[in-house]
Amino acid sequence: MHSSAESDVIGAFKRYGLVLIAIPAVVVAVIVGYIVHDVIVRDFGEVFAAGMKGTVAEAWEFDEFTVDTGSEPYRHFDQMVEERIQGNRLTATRVQSPDGTVIYSTTPAEVGTVIPLTDATSQAARRGKVTAVTVSEHELLSSGGSNLLVVGPIQLEGSPGIAGVVTALKPYSTVRPSIRASVFTVVFVVLVGAIVTYTFLRLLVARAERELLASRERVQNVNERLGRSLSDMERHFLGTLSALNAAVDAKDRYTARHSLHVADYACALGLRMGLGDEVKSLERAGLLHDIGKIGVPETVLQKPGDLSADEYAAVMEHSRIGATMIETVPFLRDIVPAVLGHHERWDGSGYPDGLAGEDIPPLARILSVVDAFDAMTTSRPYRSPVSITEAREELMRARGTQFDPDATDAFVALIDEGAILVRDVRFVG
């Protein structure tokens, strides 16, 4: 028979185990859901702002961009706005010059007046920044209802800079299905991972309980199994984040094996550099280093040509998004600096924080080398892989500028010894 204390422990897990697993899972799901929602809203806003900017540019030229409700540009723009409102693609809009003068508004009484620029319109006028948020109330709205509010800069032909600012409201119902589907997918993956974890642990505890009832001699063995279950819990939470990684893989087929390769190369390099117990953390960092790409649009990840400045800026955000996602999981906090800093450069020209030299976290320096090596030796949407010899030469060329010299020398030594084998991943468009 098992002791009362042991029975109490097992009984407590059966009563509260689901809660203990569900709470962190729900927290992760909520945080990731908010991140994905904000990223997708921003993407929709960028596209909508570009469309409105093009509509304004189609109506006005720079020297005509003045208050004149009887002008041909004004009437032409008013007609285009009316068509979009009737097609449920637009709710309301306002066009202002940089000093706040209203050039056009779906509220006619505003035309010709000066409405002070808000923080969002001021940033659009001064820095060309697009802002996108969801709102249920706004001065341009005559009735309630959720709308996507977008503020963006206007550039006109002949203009030396930003000619004005457009504020537009789009019915949220037109974008809600896409946003909800994306958020639901991510939250579903997290919660399913939690359910699988709880089911596994419940089965494990049930088995332990049967063994305790069978013989007191097996009490120590059962305690060891319960102790190991804590590690299993960590592995299953890691599996949940790996499932999120799989969501990234679905968006970018190149990434499908890249994280596994990076983890393998990183472990080999970590052992070579004598990191000892840190190799386990290095493996986790390698598996999860690109998890933040879930916040990058598929069209950018799979683009076969050169990226625009805005597209490259979106890609650069993936390391910060990934670090934000995993820092909420206690047993992964030690790898947050590596995930955040794996695109920093030895000379300080990397991102997201421009760290240089030994200010870059040690594990991030290792990931930087092996990440670049795998990127060079595997197929990408926009180029074919290079040979292992060419990749080695490129690593040595960038030694001391992009890469940590010690990490580079150690990895090149592994290549020269034949310990690193390239596994090409063919990209299928």
# chains A, B, ... in the order shown; residues from 1 in each chain; ligands from 1
call {"tool": "residues_around", "arguments": {"residues": "Thr401 of chain A", "least_positions_apart": "3", "cutoff": "8 Å", "atoms": "only C-alpha atoms", "output": "JSON, numbers by chain"}}
result
{"A": [345, 346, 347, 398, 404]}
call {"tool": "residues_around", "arguments": {"residues": "Leu275 of chain A", "least_positions_apart": "5", "cutoff": "12 Å", "atoms": "only C-alpha atoms", "output": "ChimeraX atom specification"}}
result
/A:266-270,280-283,362-363,366,407
call {"tool": "select_by_dssp", "arguments": {"residues": "segment 308-396 of chain A", "states": "helix (DSSP H, G or I)", "output": "ChimeraX atom specification"}}
result
/A:309-316,318-326,330-341,357-359,362-377,388-396
